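So this one's data.txt, compact mmCIF, C-alpha atoms and all ligand atoms:
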```txt
# COMPACT_ATOMS: atom_id res chain seq x y z
CA MET A 254 65.89 52.21 -2.67
CA ASN A 255 63.71 51.25 -5.60
CA CYS A 256 60.42 49.64 -6.36
CA THR A 257 58.32 48.31 -9.21
CA LEU A 258 54.78 49.47 -9.80
CA GLN A 259 52.13 47.09 -11.05
CA ILE A 260 48.80 47.88 -12.65
CA PHE A 261 45.75 45.59 -12.82
CA LEU A 262 44.74 45.05 -16.44
CA ASP A 263 42.56 42.30 -17.90
CA ASP A 264 42.44 40.28 -14.70
CA ARG A 265 46.14 40.27 -13.93
CA TRP A 266 48.85 42.41 -12.41
CA VAL A 267 51.29 43.79 -14.99
CA ASP A 268 54.69 45.36 -14.16
CA CYS A 269 54.53 48.88 -15.54
CA ALA A 270 57.10 51.25 -14.04
CA GLU A 271 60.16 51.41 -11.84
CA ILE A 272 60.98 54.06 -9.31
CA GLU A 273 64.26 54.83 -7.65
CA PHE A 274 64.68 57.14 -4.68
CA ASN A 275 68.28 57.90 -3.72
CA GLY A 276 70.00 60.83 -2.10
CA GLY A 277 66.91 63.02 -2.29
CA LEU A 278 66.42 62.38 -6.00
CA CYS A 279 63.47 60.42 -7.33
CA GLN A 280 63.70 58.98 -10.83
CA TRP A 281 61.08 56.92 -12.54
CA ASN A 282 60.18 55.52 -15.93
CA HIS A 283 57.73 53.16 -17.54
CA LEU A 284 59.08 49.75 -18.51
CA VAL A 285 59.73 49.64 -22.25
CA ALA A 286 57.55 46.58 -22.83
CA TYR A 287 54.73 48.26 -20.93
CA ALA A 288 55.03 51.53 -22.81
CA LEU A 289 54.82 49.64 -26.11
CA GLU A 290 51.91 47.42 -25.18
CA HIS A 291 49.74 49.65 -23.02
CA PRO A 292 49.97 53.25 -24.18
CA ASP A 293 46.30 53.71 -23.14
CA ALA A 294 46.67 52.65 -19.51
CA PRO A 295 48.52 55.42 -17.68
CA LEU A 296 49.42 55.37 -13.98
CA SER A 297 48.02 58.88 -13.77
CA LEU A 298 45.81 60.77 -16.21
CA ALA A 299 48.38 63.57 -15.92
CA GLU A 300 51.32 61.33 -16.97
CA PRO A 301 51.36 60.03 -20.54
CA VAL A 302 52.76 56.54 -21.02
CA ASP A 303 56.13 57.08 -22.72
CA MET A 304 59.77 56.07 -22.42
CA ASP A 305 61.05 59.23 -20.75
CA ILE A 306 62.97 59.09 -17.49
CA ARG A 307 61.51 61.65 -15.08
CA ALA A 308 63.58 63.03 -12.21
CA ALA A 309 62.54 65.29 -9.33
CA ARG A 310 63.24 66.04 -5.68
CA THR A 311 59.91 64.49 -4.67
CA MET A 312 58.02 61.38 -5.62
CA PRO A 313 55.62 61.84 -8.56
CA ALA A 314 52.26 63.19 -7.40
CA PHE A 315 50.28 60.05 -8.18
CA LEU A 316 52.38 58.01 -5.74
CA TYR A 317 51.08 60.11 -2.84
CA ASP A 318 47.68 58.50 -3.42
CA LEU A 319 49.35 55.23 -2.34
CA VAL A 320 51.10 56.50 0.81
CA PRO A 321 49.61 54.95 3.94
CA GLN A 322 48.04 57.53 6.24
CA GLY A 323 46.29 57.54 9.59
CA ALA A 324 46.23 54.32 11.60
CA GLY A 325 47.84 52.24 8.83
CA ARG A 326 50.74 54.67 8.64
CA ARG A 327 51.37 54.60 12.38
CA PHE A 328 51.27 50.80 12.40
CA LEU A 329 53.77 50.48 9.55
CA LEU A 330 56.13 53.13 10.96
CA GLY A 331 56.34 50.97 14.06
CA GLN A 332 56.97 47.82 12.04
CA LEU A 333 59.66 49.53 9.96
CA GLN A 334 61.12 51.38 12.94
CA LEU A 335 61.00 54.68 11.08
CA PRO A 336 60.46 58.19 12.45
CA ASP A 337 57.48 59.95 10.87
CA GLY A 338 58.01 62.66 8.27
CA PRO A 339 58.13 63.13 4.50
CA ASP A 340 61.22 60.90 4.24
CA ALA A 341 59.11 58.00 5.43
CA ASP A 342 56.70 58.23 2.47
CA PHE A 343 58.74 56.16 0.03
CA PRO A 344 59.64 53.31 2.45
CA LEU A 345 55.98 53.32 3.51
CA ILE A 346 54.66 52.70 0.01
CA CYS A 347 57.33 50.01 -0.55
CA ALA A 348 55.87 48.13 2.44
CA GLY A 349 52.26 49.26 2.61
CA ALA A 350 50.97 49.75 -0.95
CA PHE A 351 50.20 46.09 -1.70
CA ASN A 352 46.47 46.58 -2.12
CA PRO A 353 45.55 50.25 -2.42
CA VAL A 354 42.29 51.79 -3.57
CA GLY A 355 42.39 51.97 -7.39
CA ARG A 356 44.36 49.66 -9.67
CA ILE A 357 48.03 50.34 -8.91
CA ARG A 358 50.16 48.54 -6.36
CA VAL A 359 53.83 48.18 -5.44
CA ALA A 360 55.40 44.75 -6.08
CA GLU A 361 57.78 45.02 -3.10
CA ALA A 362 54.82 45.73 -0.82
CA VAL A 363 53.17 42.51 -1.99
CA ASP A 364 56.34 40.67 -0.86
CA TYR A 365 56.15 42.52 2.43
CA LEU A 366 52.57 41.33 2.99
CA GLU A 367 53.57 37.75 2.09
CA LYS A 368 56.34 37.85 4.69
CA HIS A 369 53.96 39.24 7.26
CA LEU A 370 51.43 36.51 6.55
CA ALA A 371 54.16 33.85 6.73
CA ARG A 372 54.84 34.99 10.29
CA HIS A 373 51.17 34.51 11.12
CA PRO A 374 50.24 31.19 9.49
CA ASN A 375 46.83 31.36 11.18
CA ALA A 376 45.96 34.51 9.28
CA ARG A 377 45.06 32.65 6.11
CA ASP A 378 41.79 30.87 5.53
CA LEU A 379 40.19 32.30 8.62
CA PRO A 380 36.42 31.96 8.75
CA GLY A 381 34.62 35.14 7.72
CA LEU A 382 33.06 37.64 10.08
CA THR A 383 29.53 38.95 10.16
CA ILE A 384 28.67 42.65 10.12
CA ASP A 385 27.68 42.31 13.77
CA ASP A 386 31.14 40.92 14.67
CA VAL A 387 32.64 44.01 13.08
CA ALA A 388 30.13 46.53 14.41
CA GLY A 389 30.31 45.09 17.90
CA ARG A 390 34.07 44.86 17.47
CA SER A 391 33.96 41.47 19.13
CA ALA A 392 36.97 39.62 20.53
CA GLU A 393 36.92 37.70 17.25
CA PHE A 394 37.26 40.94 15.30
CA ALA A 395 40.09 42.18 17.53
CA GLU A 396 41.98 38.90 17.06
CA ARG A 397 41.45 39.04 13.32
CA MET A 398 42.72 42.59 13.07
CA HIS A 399 45.71 41.62 15.15
CA LEU A 400 46.52 38.53 13.09
CA HIS A 401 46.27 40.46 9.90
CA GLY A 402 48.13 43.12 11.78
CA MET A 403 46.25 45.81 9.86
CA LEU A 404 47.81 44.42 6.72
CA GLY A 405 45.45 41.80 5.36
CA THR A 406 42.58 44.10 6.10
CA GLY A 407 44.28 46.68 4.01
CA THR A 408 44.37 49.65 6.33
CA THR A 409 47.61 50.71 4.71
CA GLY A 410 45.91 50.86 1.32
CA VAL A 411 43.26 53.41 2.10
CA GLN A 412 43.92 57.06 2.89
CA GLY A 413 42.36 59.54 5.28
CA ALA A 414 42.60 60.17 8.99
CA ALA A 415 39.77 57.96 10.27
CA PRO A 416 40.70 54.35 11.15
CA LYS A 417 39.32 52.05 8.49
CA TYR A 418 39.54 48.56 7.08
CA LEU A 419 39.13 47.18 3.60
CA LEU A 420 36.83 44.20 4.02
CA THR A 421 35.23 42.04 1.36
CA HIS A 422 32.11 39.87 1.35
CA ASP A 423 32.57 36.27 0.26
CA ARG A 424 29.82 34.24 -1.43
CA ALA A 425 28.35 33.32 1.93
CA GLY A 426 28.03 37.01 2.82
CA LEU A 427 30.84 36.87 5.39
CA LEU A 428 33.58 39.50 5.63
CA HIS A 429 37.33 38.97 5.10
CA GLY A 430 40.38 41.17 4.87
CA ASP A 431 40.40 42.36 1.26
CA ALA A 432 44.05 41.52 0.66
CA VAL A 433 43.65 37.90 1.79
CA LEU A 434 40.40 36.97 0.04
CA PRO A 435 41.00 35.61 -3.48
CA ASP A 436 39.22 37.60 -6.22
CA GLY A 437 37.24 34.50 -7.22
CA ASP A 438 35.50 34.41 -3.82
CA ALA A 439 34.74 38.15 -3.60
CA THR A 440 31.20 39.43 -4.07
CA GLN A 441 31.29 42.98 -2.64
CA HIS A 442 34.09 45.31 -1.54
CA LEU A 443 33.66 47.60 1.42
CA ILE A 444 35.45 50.26 3.40
CA VAL A 445 34.71 49.97 7.10
CA LYS A 446 35.18 53.37 8.70
CA LEU A 447 35.35 54.05 12.44
CA PRO A 448 35.09 57.44 14.18
CA ARG A 449 38.25 59.56 13.84
CA GLY A 450 38.67 59.85 17.59
CA ASN A 451 36.86 58.91 20.78
CA SER A 452 34.96 62.11 21.46
CA ALA A 453 31.19 62.42 21.20
CA ALA A 454 31.72 64.84 18.30
CA ASP A 455 33.76 62.25 16.37
CA HIS A 456 30.93 59.76 16.79
CA LYS A 457 28.37 62.34 15.74
CA VAL A 458 30.26 63.14 12.53
CA LEU A 459 30.44 59.48 11.54
CA ARG A 460 26.82 58.80 12.55
CA ASN A 461 25.65 61.58 10.25
CA GLU A 462 27.88 60.66 7.30
CA ALA A 463 25.45 58.01 6.02
CA ALA A 464 22.52 60.44 6.27
CA TYR A 465 24.56 63.18 4.55
CA MET A 466 25.24 60.82 1.66
CA ARG A 467 21.54 59.98 1.33
CA VAL A 468 20.76 63.70 1.22
CA ALA A 469 23.30 64.24 -1.57
CA ALA A 470 21.82 61.32 -3.52
CA GLU A 471 18.31 62.74 -3.07
CA LEU A 472 19.53 66.08 -4.45
CA GLY A 473 20.85 64.43 -7.61
CA ILE A 474 24.57 64.47 -6.83
CA ARG A 475 26.47 61.49 -8.30
CA THR A 476 26.61 58.87 -5.57
CA HIS A 477 27.41 55.16 -5.63
CA MET A 478 24.29 53.06 -6.23
CA ASP A 479 24.95 51.32 -2.89
CA LEU A 480 25.00 54.00 -0.21
CA PRO A 481 26.92 53.71 3.08
CA THR A 482 25.07 52.20 6.04
CA LEU A 483 25.65 52.67 9.73
CA HIS A 484 26.05 49.65 12.03
CA GLY A 485 26.50 50.71 15.62
CA ASP A 486 29.32 53.23 15.41
CA VAL A 487 30.78 51.67 12.28
CA LEU A 488 30.11 52.97 8.77
CA LEU A 489 30.04 50.37 5.97
CA ILE A 490 30.89 52.04 2.67
CA PRO A 491 30.47 50.02 -0.55
CA ARG A 492 33.47 50.69 -2.82
CA PHE A 493 33.14 52.12 -6.32
CA ASP A 494 36.69 51.32 -7.47
CA ARG A 495 35.96 47.57 -7.62
CA ILE A 496 33.33 45.84 -9.75
CA VAL A 497 32.62 42.13 -9.45
CA ARG A 498 31.72 40.85 -12.89
CA GLY A 499 31.47 37.22 -14.04
CA GLY A 500 33.43 35.85 -11.07
CA LYS A 501 36.22 38.34 -11.64
CA VAL A 502 37.14 41.59 -9.97
CA VAL A 503 37.57 44.66 -12.17
CA ARG A 504 39.77 47.32 -10.58
CA LEU A 505 39.06 50.80 -11.91
CA HIS A 506 41.54 53.59 -12.35
CA GLN A 507 41.00 56.03 -9.49
CA GLU A 508 43.08 59.09 -8.75
CA SER A 509 42.71 62.08 -6.44
CA VAL A 510 42.53 65.61 -7.85
CA ALA A 511 45.73 66.29 -5.88
CA SER A 512 47.35 63.73 -8.17
CA ILE A 513 45.98 65.13 -11.44
CA LEU A 514 47.09 68.58 -10.25
CA GLY A 515 50.61 67.23 -9.85
CA LEU A 516 50.73 68.08 -6.14
CA SER A 517 53.52 66.13 -4.49
CA GLY A 518 53.08 65.84 -0.74
CA PHE A 519 50.18 66.42 1.62
CA ASP A 520 48.67 69.64 2.98
CA ARG A 521 48.87 71.51 -0.31
CA ARG A 522 45.97 73.91 -0.78
CA PRO A 523 45.29 74.72 -4.43
CA SER A 524 42.64 77.25 -5.38
CA LEU A 525 39.36 75.64 -6.42
CA PHE A 526 39.84 77.36 -9.80
CA ASP A 527 43.00 75.27 -10.28
CA VAL A 528 41.19 72.15 -9.10
CA THR A 529 38.41 72.80 -11.63
CA ALA A 530 40.94 73.36 -14.41
CA ALA A 531 42.70 70.08 -13.57
CA ILE A 532 39.43 68.14 -13.56
CA ARG A 533 38.50 69.68 -16.93
CA ARG A 534 41.81 68.60 -18.45
CA VAL A 535 41.22 64.89 -17.81
CA VAL A 536 37.47 64.22 -17.86
CA THR A 537 35.47 63.15 -20.90
CA ASP A 538 32.76 65.81 -20.50
CA PRO A 539 34.30 68.94 -18.92
CA ALA A 540 31.07 70.97 -18.90
CA ALA A 541 29.05 68.28 -17.13
CA GLU A 542 31.78 67.56 -14.58
CA THR A 543 32.30 71.26 -13.84
CA LEU A 544 28.60 71.61 -13.02
CA GLU A 545 28.74 68.46 -10.87
CA PHE A 546 31.83 69.73 -9.03
CA ILE A 547 30.30 73.13 -8.34
CA LYS A 548 27.04 71.55 -7.12
CA ARG A 549 29.08 69.44 -4.70
CA ASP A 550 30.73 72.59 -3.44
CA VAL A 551 27.33 74.27 -3.02
CA LEU A 552 26.45 71.32 -0.77
CA ASN A 553 29.81 71.55 1.04
CA LEU A 554 28.92 75.13 1.91
CA ALA A 555 25.24 74.58 2.66
CA MET A 556 25.89 71.48 4.76
CA ARG A 557 29.21 72.67 6.20
CA ASN A 558 31.37 69.85 4.97
CA THR A 559 34.50 71.91 5.52
CA ASP A 560 37.08 69.21 4.82
CA ASN A 561 37.02 69.62 1.02
CA HIS A 562 40.76 68.97 0.50
CA ALA A 563 42.28 67.77 -2.78
CA ARG A 564 42.28 64.11 -1.72
CA ASN A 565 38.58 64.14 -0.92
CA THR A 566 37.72 64.51 -4.60
CA ALA A 567 38.81 61.93 -7.15
CA VAL A 568 38.29 60.92 -10.76
CA GLN A 569 37.77 57.44 -12.13
CA ARG A 570 37.62 55.77 -15.54
CA VAL A 571 34.54 53.62 -16.10
CA ASP A 572 33.79 52.00 -19.47
CA GLY A 573 36.24 54.36 -21.16
CA GLN A 574 34.70 57.52 -19.64
CA VAL A 575 36.72 59.65 -17.24
CA GLN A 576 34.54 61.41 -14.63
CA LEU A 577 34.42 62.46 -11.01
CA THR A 578 33.96 59.40 -8.81
CA PRO A 579 30.76 59.16 -6.85
CA LEU A 580 30.83 61.45 -3.83
CA PHE A 581 32.77 60.27 -0.76
CA ASP A 582 33.83 61.59 2.66
CA PHE A 583 30.84 63.94 2.84
CA ALA A 584 29.96 64.69 6.45
CA PRO A 585 29.28 67.54 8.94
CA MET A 586 32.99 68.15 9.35
CA TYR A 587 32.42 71.53 11.01
CA LEU A 588 31.78 69.45 14.14
CA ASP A 589 35.22 67.84 14.07
CA PRO A 590 37.02 68.42 17.39
CA GLU A 591 40.14 69.51 15.49
CA GLY A 592 38.22 72.54 14.23
CA ILE A 593 38.52 72.15 10.47
CA ALA A 594 37.93 75.40 8.58
CA ARG A 595 36.97 75.09 4.92
CA THR A 596 40.15 73.74 3.37
CA LEU A 597 39.91 74.72 -0.31
CA ARG A 598 38.44 78.00 -1.54
CA TRP A 599 37.81 79.90 -4.76
CA TYR A 600 40.83 82.22 -5.00
CA ARG A 601 40.42 84.40 -8.06
CA PRO A 602 43.16 83.74 -10.65
CA ASN A 603 45.62 86.68 -10.79
CA THR A 604 44.46 88.51 -7.67
CA GLN A 605 44.21 85.43 -5.40
CA VAL A 606 41.38 87.12 -3.54
CA GLU A 607 38.76 84.72 -2.23
CA LEU A 608 35.39 84.78 -4.01
CA THR A 609 32.41 83.77 -1.91
CA ASN A 610 29.57 84.40 -4.31
CA TRP A 611 28.67 82.02 -7.15
CA ALA A 612 27.97 84.89 -9.56
CA ASP A 613 31.58 86.09 -9.09
CA VAL A 614 32.98 82.57 -9.39
CA LEU A 615 31.13 82.02 -12.67
CA VAL A 616 32.44 85.31 -14.11
CA ALA A 617 36.00 84.35 -13.22
CA LEU A 618 35.81 80.76 -14.54
CA PRO A 619 37.87 80.46 -17.73
CA VAL A 620 35.16 78.77 -19.82
CA PRO A 621 33.41 79.77 -23.05
CA ASP A 622 30.46 82.11 -22.52
CA SER A 623 27.97 79.53 -23.79
CA GLU A 624 29.16 77.17 -21.08
CA ARG A 625 29.05 79.92 -18.45
CA GLN A 626 25.37 80.43 -19.30
CA MET A 627 24.72 76.72 -19.09
CA LEU A 628 26.42 76.57 -15.66
CA ALA A 629 24.37 79.53 -14.45
CA ARG A 630 21.14 77.84 -15.61
CA GLY A 631 22.12 74.52 -14.03
CA LEU A 632 22.97 76.15 -10.72
CA ASN A 633 19.87 78.32 -10.81
CA GLN A 634 17.77 75.16 -11.18
CA PHE A 635 19.73 73.57 -8.34
CA ALA A 636 18.34 76.33 -6.09
CA VAL A 637 15.03 74.47 -6.16
CA GLN A 638 16.74 71.43 -4.64
CA ILE A 639 18.66 73.45 -2.06
CA GLU A 640 15.42 75.11 -0.97
CA ARG A 641 14.09 71.65 -0.12
CA LEU A 642 17.21 70.88 1.93
CA PRO A 643 15.74 71.41 5.42
CA ASP A 644 13.00 68.87 4.63
CA VAL A 645 15.38 66.42 2.98
CA LEU A 646 17.80 66.63 5.92
CA GLU A 647 14.90 65.79 8.20
CA GLU A 648 13.64 62.93 6.02
CA GLN A 649 17.08 61.37 5.80
CA GLY A 650 17.62 61.45 9.56
CA VAL A 651 20.30 64.11 10.03
CA ASP A 652 20.50 65.16 13.72
CA HIS A 653 18.17 68.02 14.61
CA ASP A 654 20.82 70.33 16.03
CA ILE A 655 22.76 69.99 12.78
CA ILE A 656 19.68 70.85 10.71
CA LYS A 657 19.13 73.89 12.89
CA PHE A 658 22.74 74.97 12.61
CA LEU A 659 22.62 74.68 8.79
CA ALA A 660 19.62 77.00 8.39
CA LEU A 661 21.74 80.10 7.70
CA SER A 662 24.17 78.47 5.28
CA VAL A 663 21.32 76.80 3.39
CA ASP A 664 19.54 80.16 3.04
CA ALA A 665 22.69 81.88 1.83
CA GLN A 666 23.15 79.25 -0.90
CA VAL A 667 19.50 79.46 -2.00
CA ARG A 668 19.74 83.24 -2.34
CA GLN A 669 23.00 83.11 -4.29
CA LEU A 670 21.77 80.44 -6.70
CA GLN A 671 18.42 82.14 -7.27
CA ALA A 672 20.24 85.33 -8.24
CA LEU A 673 22.09 83.62 -11.12
N1 LIG B 701 33.20 54.29 -1.74
C1 LIG B 701 34.49 54.38 -2.04
N2 LIG B 701 35.02 53.64 -3.06
C2 LIG B 701 36.32 53.71 -3.36
N3 LIG B 701 37.21 54.49 -2.72
C3 LIG B 701 36.75 55.24 -1.70
C4 LIG B 701 35.39 55.24 -1.31
N4 LIG B 701 35.24 56.08 -0.25
C5 LIG B 701 36.46 56.58 0.01
N5 LIG B 701 37.38 56.08 -0.85
C6 LIG B 701 38.81 56.31 -0.85
O1 LIG B 701 39.26 56.10 0.49
C7 LIG B 701 39.89 57.26 1.01
C8 LIG B 701 39.54 57.44 2.46
O2 LIG B 701 38.15 57.57 2.65
P1 LIG B 701 37.55 58.86 3.35
O3 LIG B 701 36.07 58.63 3.43
O4 LIG B 701 38.03 60.08 2.63
O5 LIG B 701 38.20 58.74 4.80
P2 LIG B 701 38.64 59.89 5.87
O6 LIG B 701 37.36 60.37 6.49
O7 LIG B 701 39.51 59.17 6.83
O8 LIG B 701 39.35 60.96 5.10
C9 LIG B 701 39.43 58.38 0.11
O9 LIG B 701 40.38 59.40 0.04
C10 LIG B 701 39.23 57.70 -1.23
O10 LIG B 701 40.48 57.57 -1.91
MG MG B 702 39.04 61.75 3.31
```
Is it possible to express this structure as C-alpha cells?
Ligand SMILES: Nc1ncnc2c1ncn2[C@@H]1O[C@H](COP(=O)(O)OP(=O)(O)O)[C@@H](O)[C@H]1O
Ligand SMILES: [Mg+2]
Amino acid sequence: MNCTLQIFLDDRWVDCAEIEFNGGLCQWNHLVAYALEHPDAPLSLAEPVDMDIRAARTMPAFLYDLVPQGAGRRFLLGQLQLPDGPDADFPLICAGAFNPVGRIRVAEAVDYLEKHLARHPNARDLPGLTIDDVAGRSAEFAERMHLHGMLGTGTTGVQGAAPKYLLTHDRAGLLHGDAVLPDGDATQHLIVKLPRGNSAADHKVLRNEAAYMRVAAELGIRTHMDLPTLHGDVLLIPRFDRIVRGGKVVRLHQESVASILGLSGFDRRPSLFDVTAAIRRVVTDPAAETLEFIKRDVLNLAMRNTDNHARNTAVQRVDGQVQLTPLFDFAPMYLDPEGIARTLRWYRPNTQVELTNWADVLVALPVPDSERQMLARGLNQFAVQIERLPDVLEEQGVDHDIIKFLALSVDAQVRQLQAL
C-alpha cells in the first residue's frame, strides 16, 4: 500500500513525498522535484528535505499527527471494515487524512472523500448552519453530519478523544463542513468540540474549558486572539492553523511535540526534559519558548490539567518564526471519569527520578547558566500571577467546587516559584 503526501504552499496543494508500507516495512522519500524546489518547507521540523529514502518498521513520527482518532477513527474503521489496532493506522490516513489540522494531507484520502461525496450528491452546496443549529444539535445538524458522514465535517482530520467537527464560517456567517466549503468562501475556521462522554463530569470538563482558557490568557500565557466560547454543551474553538487573508486561506505548518520528538505511535510518555529539548531544537527563540513551556506546566499543575501528553503541545511556523502554538486542550482534566493522572513528568536525565520542585528542575535543565538565571527570574515573577489565580478563576467563571479544589495546588506552586 502506498500514498502521496501533499503540502499546501502558496495557495495550492503540492505533491511532496511518497510513502510505501509493505510487509511491516515503511519506506518514504521526498519527490525529487519537491526536494529541489522547496528545501525550506519540510513535512516535519525534525525531517530535513532531502533525497534520502528512509526505511523503518513504523510510519515516520509526523504521520501519526494525521491518524484519525476518537469518533472519526471509529467511523472510518467501520467504513473500511478494519479491526482496530496499530496496523489500521496507515489505511486510516490513506482514507481519512484529506483535510487534517496543519498543512499536510494525503492525496489518496482526497480521492476517498470525493468518492464518499459522490455517493451523497446532496452533501454538496447544502445551506449553512447557525451556531444554534449546532449547539442545539437540531435534526438539521444530525442530517448534515450524516450526509457528510463525518467526512466533510472533517472529524477524521482532527485528533483527540472528544468528538469534534471542523466547521467553517462562510461570508454570511453560516457554518459548513470545512472540507466541503471552498477556500474562497471561508471567513473563519473552527473546531466544534463536544463532551468526551455522557457523564456529568464530561460535561463539566468541557463547560470549564472556555473559562480555563480565559484564565490562561489573563495570566499572560500565549493564547489565540479569539478564545473558545461555550454554546450550550458545545465548545466553539477558533483555529490558529488557518488564517484567512485577502480571500485566500493560509495553512500554517503545525506539528505536535510527539512528532518533533520522533515518537512513532500513541501512548508514548517522554520525560518533560526530553520534550523541552525537542522544542528547543526547532523553535526560533529557545529561551523564550522554554519559559513559556514551563509556565504552561506551572498552570497544568496549579489548575490540575493532568492530560499534558505529547500531542497536547504543538509548534507552528508563523511569518518565518517557529514557536509553540497558542495553548489548546487546557481543562480541569482531573475530573475526567477515566481518572487521568498527570501524563508527562519531569524525570531527571540519567537517574530518571521524578522531580517535583521547580528549583530542582531548573538545576537539571541542560541550559547555559545565564539562561537558567533568566528562567528563574521569569518564573519568580510568574508567582505574582499565580498568587492572583483564585481571584482570576472566580472572575473568569470557573465552577466554585473546582476553585476550592485547586486551593492546595495553587498554594504549592506559589511557594515553589517564590523560592526561586
Ligand atoms: N485552536 C486550535 N487551532 C488549531 N488546531 C487545534 C486547536 N485546538 C486543538 N487543535 C488541534 O486539534 C487536536 C484536538 O484538539 P483537543 O482540544 O486536543 O481535543 P481532545 O480534548 O479531544 O484531545 C489537538 O491535538 C490539536 O492538534
Ligand atoms: Mg487533546
Of the candidates A:Ala453, A:Leu516, A:Ala415, A:Ala350, which shows the shortest atom-to-atom distance to ligand LIG 701 (chain B), using all atoms listed in the file?
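Of A:Ala453, A:Leu516, A:Ala415, A:Ala350, the one nearest ligand LIG 701 (chain B) is A:Ala415, counting all atoms listed in the file.
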Within 12 Å of region 566-586 of chain A, which residues of region 401-476 of chain A show up? Give each one with its shortest atom-to-atom distance in Å (one decimal) and the two atoms involved, counting only C-alpha atoms, rows by chain then rising residue number, as JSON lines.
```
{"residue": "A:Gln412", "atom": "CA", "partner": "A:Asp582", "partner_atom": "CA", "distance": 11.1}
{"residue": "A:Gly413", "atom": "CA", "partner": "A:Asp582", "partner_atom": "CA", "distance": 9.2}
{"residue": "A:Ala414", "atom": "CA", "partner": "A:Asp582", "partner_atom": "CA", "distance": 10.9}
{"residue": "A:Ala415", "atom": "CA", "partner": "A:Asp582", "partner_atom": "CA", "distance": 10.3}
{"residue": "A:Ile444", "atom": "CA", "partner": "A:Phe581", "partner_atom": "CA", "distance": 11.2}
{"residue": "A:Lys446", "atom": "CA", "partner": "A:Asp582", "partner_atom": "CA", "distance": 10.3}
{"residue": "A:Pro448", "atom": "CA", "partner": "A:Ala584", "partner_atom": "CA", "distance": 11.8}
{"residue": "A:Arg449", "atom": "CA", "partner": "A:Met586", "partner_atom": "CA", "distance": 11.0}
{"residue": "A:Ala454", "atom": "CA", "partner": "A:Met586", "partner_atom": "CA", "distance": 9.6}
{"residue": "A:Asp455", "atom": "CA", "partner": "A:Met586", "partner_atom": "CA", "distance": 9.2}
{"residue": "A:His456", "atom": "CA", "partner": "A:Pro585", "partner_atom": "CA", "distance": 11.2}
{"residue": "A:Lys457", "atom": "CA", "partner": "A:Pro585", "partner_atom": "CA", "distance": 8.6}
{"residue": "A:Val458", "atom": "CA", "partner": "A:Pro585", "partner_atom": "CA", "distance": 5.8}
{"residue": "A:Leu459", "atom": "CA", "partner": "A:Ala584", "partner_atom": "CA", "distance": 7.3}
{"residue": "A:Arg460", "atom": "CA", "partner": "A:Ala584", "partner_atom": "CA", "distance": 9.0}
{"residue": "A:Asn461", "atom": "CA", "partner": "A:Ala584", "partner_atom": "CA", "distance": 6.5}
{"residue": "A:Glu462", "atom": "CA", "partner": "A:Ala584", "partner_atom": "CA", "distance": 4.6}
{"residue": "A:Ala463", "atom": "CA", "partner": "A:Ala584", "partner_atom": "CA", "distance": 8.1}
{"residue": "A:Ala464", "atom": "CA", "partner": "A:Ala584", "partner_atom": "CA", "distance": 8.6}
{"residue": "A:Tyr465", "atom": "CA", "partner": "A:Ala584", "partner_atom": "CA", "distance": 5.9}
{"residue": "A:Met466", "atom": "CA", "partner": "A:Phe583", "partner_atom": "CA", "distance": 6.5}
{"residue": "A:Arg467", "atom": "CA", "partner": "A:Phe583", "partner_atom": "CA", "distance": 10.2}
{"residue": "A:Val468", "atom": "CA", "partner": "A:Phe583", "partner_atom": "CA", "distance": 10.2}
{"residue": "A:Ala469", "atom": "CA", "partner": "A:Leu580", "partner_atom": "CA", "distance": 8.3}
{"residue": "A:Ala470", "atom": "CA", "partner": "A:Leu580", "partner_atom": "CA", "distance": 9.0}
{"residue": "A:Gly473", "atom": "CA", "partner": "A:Leu580", "partner_atom": "CA", "distance": 11.1}
{"residue": "A:Ile474", "atom": "CA", "partner": "A:Leu580", "partner_atom": "CA", "distance": 7.6}
{"residue": "A:Arg475", "atom": "CA", "partner": "A:Pro579", "partner_atom": "CA", "distance": 5.1}
{"residue": "A:Thr476", "atom": "CA", "partner": "A:Pro579", "partner_atom": "CA", "distance": 4.4}
```
Among A:Arg641, A:Arg533, A:Arg390, A:Arg564, Val411 (chain A) is approached most closely, using all atoms listed in the file, by A:Arg564
Shortest interatomic distance to Leu646 (chain A) - which of A:Asp613, A:Met556, A:Asp589, A:Ala314, counting only C-alpha atoms
A:Met556
Quick one: residues within 12 Å of Ala665 (chain A), all atoms listed in the file, excluding same-chain residues fewer than 6 positions away - as a list in words?
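What passes the distance filter is Val551, Leu552, Leu554, Ala555, Met556, Thr609, Asn610, Trp611, Ala636, Ile639, Glu640, Leu659, Gln671 and Ala672 of chain A.
Put simply, CA of Leu661 (chain A) is 17.4 Å away from CA of Phe635 (chain A).
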